Amino acid sequence: MSPQVLYLHGFASSPTSTKAAWLAGRFLASGIVMDCPNLNAPRFESLTVTRMLEDVDRSIAKVPEAPVVLFGSSLGGLVAYHAAVRNLRVERLVLLAPALDSVASLRRGLGAEKVEQWRHDGSLEVFHHGHKEQRRIGYQLVEDAEAYDAFATPLDRPMLVFQGRHDKSVSAAMVERFAATRPQVTLHLLDDDHQLISSLEFIWRESARFLGLSG
């Protein structure tokens with residue numbers, strides 16, 4: 001039985017991101033329709049990890065009795081990890097530059113001073129790549145994310161992880177540290193940045209093998 005694949009986009013991204021669209025095309029060529037829920041809805045400004053997880057729970061509940069595979073990009077990687085913790089139907093995960101230390105990754109990507117200003121003001125204006133414009137995001141995202149610690153939350157499902165060595169948002173050292181003590185994790189460190197665009201062919205080839213597809 002072919003798996004149902006869900007792609008979870010990252011922070012200030014959307015279901016129409018470059019990676020999501022590219023992977024959807026590859027899966028379609030293999031006879032699989034990849035579902036990419038809009039995790040921004042209903043409002044980007046009120047986004048939290050908890051709300052994203054609830055959206056993923058609903059998406060999984062709609063899937064017929066088929067194995068579920070989660071792809072998670074950046075913050076979507078953290079969400080994919082904790083969604084699998086919550087739902088035994090998730091059999092495998094593929095994580096792309098996963099922000100498993102979400103708050104630290106936000107500080108790294110935005111800068112500590114900007115995050116402190118975010119806390120002080122209660123919201124922050126960021127460029128939303130899906131909407132192609134500036135959008136405000138509430139500080140509740142940071143407060144809520146602090147409750148989700150992937151390092152302290154066991155998960156024994158097989159995981160394939162791709163991480164760029166030149167990533168300025170997610171620390172490659174952090175991802176290496178996460179994988180080092182978890183035999184169920186296969187990590188590929190790539191000569192790439194956070195977007196991993198130049199590595200998409202390799203990501204597809206290894207993901208297809210991981211999922212038992214023809215590639």
# chains A, B, ... in the order shown; residues from 1 in each chain; ligands from 1

call {"tool": "select_by_dssp", "arguments": {"residues": "region 37-202 of chain A", "states": "strand (DSSP E)", "output": "number ranges by chain"}}
result
A: 68-73, 90-96, 123-128, 133-138, 159-164, 185-190

call {"tool": "residues_around", "arguments": {"residues": "Arg86 (chain A)", "least_positions_apart": "4", "cutoff": "10 Å", "atoms": "only C-alpha atoms", "output": "list in words"}}
result
Leu53, Asp57, Ala80, Tyr81, His82, Val90 and Leu155 of chain A

call {"tool": "closest_residue", "arguments": {"among": "A:Leu200, A:Ala29, A:Val68, A:Leu213", "to": "Leu88 (chain A)", "atoms": "only C-alpha atoms"}}
result
A:Val68

call {"tool": "closest_atom_pairs", "arguments": {"of": "region 77-147 of chain A", "to": "region 162-184 of chain A", "cutoff": "9 Å", "atoms": "only C-alpha atoms", "output": "tab-separated table"}}
result
residue	atom	partner	partner_atom	distance
A:Val94	CA	A:Phe162	CA	7.9
A:Leu95	CA	A:Phe162	CA	6.3
A:Leu96	CA	A:Phe162	CA	5.0
A:Ala97	CA	A:Gln163	CA	4.7
A:Pro98	CA	A:Val170	CA	7.0
A:Ala99	CA	A:Val170	CA	5.8
A:Leu100	CA	A:Val175	CA	7.6
A:Asp101	CA	A:Met174	CA	7.9
A:Ser102	CA	A:Val170	CA	8.5
A:Ala104	CA	A:Val170	CA	8.3
A:Ser105	CA	A:Val170	CA	5.2
A:Leu106	CA	A:Ser169	CA	7.0
A:Arg107	CA	A:Ser169	CA	8.2
A:Arg108	CA	A:Ser169	CA	5.4
A:Gly109	CA	A:Ser169	CA	4.1
A:Leu110	CA	A:Ser169	CA	7.9

call {"tool": "residues_around", "arguments": {"residues": "Gly130 (chain A)", "least_positions_apart": "3", "cutoff": "8 Å", "atoms": "only C-alpha atoms", "output": "number ranges by chain"}}
result
A: 12-17

call {"tool": "write_last_selection", "arguments": {"atoms": "C-alpha atoms", "output": "PDB file, in the first residue's frame"}}
result
ATOM      1  CA  ALA A  12       6.572  32.207   7.154  1.00  0.00           C
ATOM      2  CA  SER A  13       6.255  29.719   4.314  1.00  0.00           C
ATOM      3  CA  SER A  14       3.291  28.038   2.610  1.00  0.00           C
ATOM      4  CA  PRO A  15       2.076  24.922   0.751  1.00  0.00           C
ATOM      5  CA  THR A  16       3.294  26.541  -2.501  1.00  0.00           C
ATOM      6  CA  SER A  17       6.938  26.803  -1.431  1.00  0.00           C
TER       7      SER A  17
END

call {"tool": "residues_around", "arguments": {"residues": "region 39-47 of chain A", "least_positions_apart": "4", "cutoff": "9 Å", "atoms": "only C-alpha atoms", "output": "VMD selection string"}}
result
chain A and resid 8 to 15 51 to 53 55 to 56 76 123 to 124 135 to 141

call {"tool": "select_by_dssp", "arguments": {"residues": "region 8-199 of chain A", "states": "alpha helix (DSSP H)", "output": "VMD selection string"}}
result
chain A and resid 18 to 29 49 to 61 75 to 86 102 to 110 112 to 121 140 to 145 172 to 180

call {"tool": "atom_distance", "arguments": {"atom1": "CA of Thr50 (chain A)", "atom2": "CA of Ser74 (chain A)"}}
result
15.7 Å

call {"tool": "closest_residue", "arguments": {"among": "A:Leu93, A:Ile203, A:Leu190, A:Ile60", "to": "Leu23 (chain A)", "atoms": "only C-alpha atoms"}}
result
A:Ile203
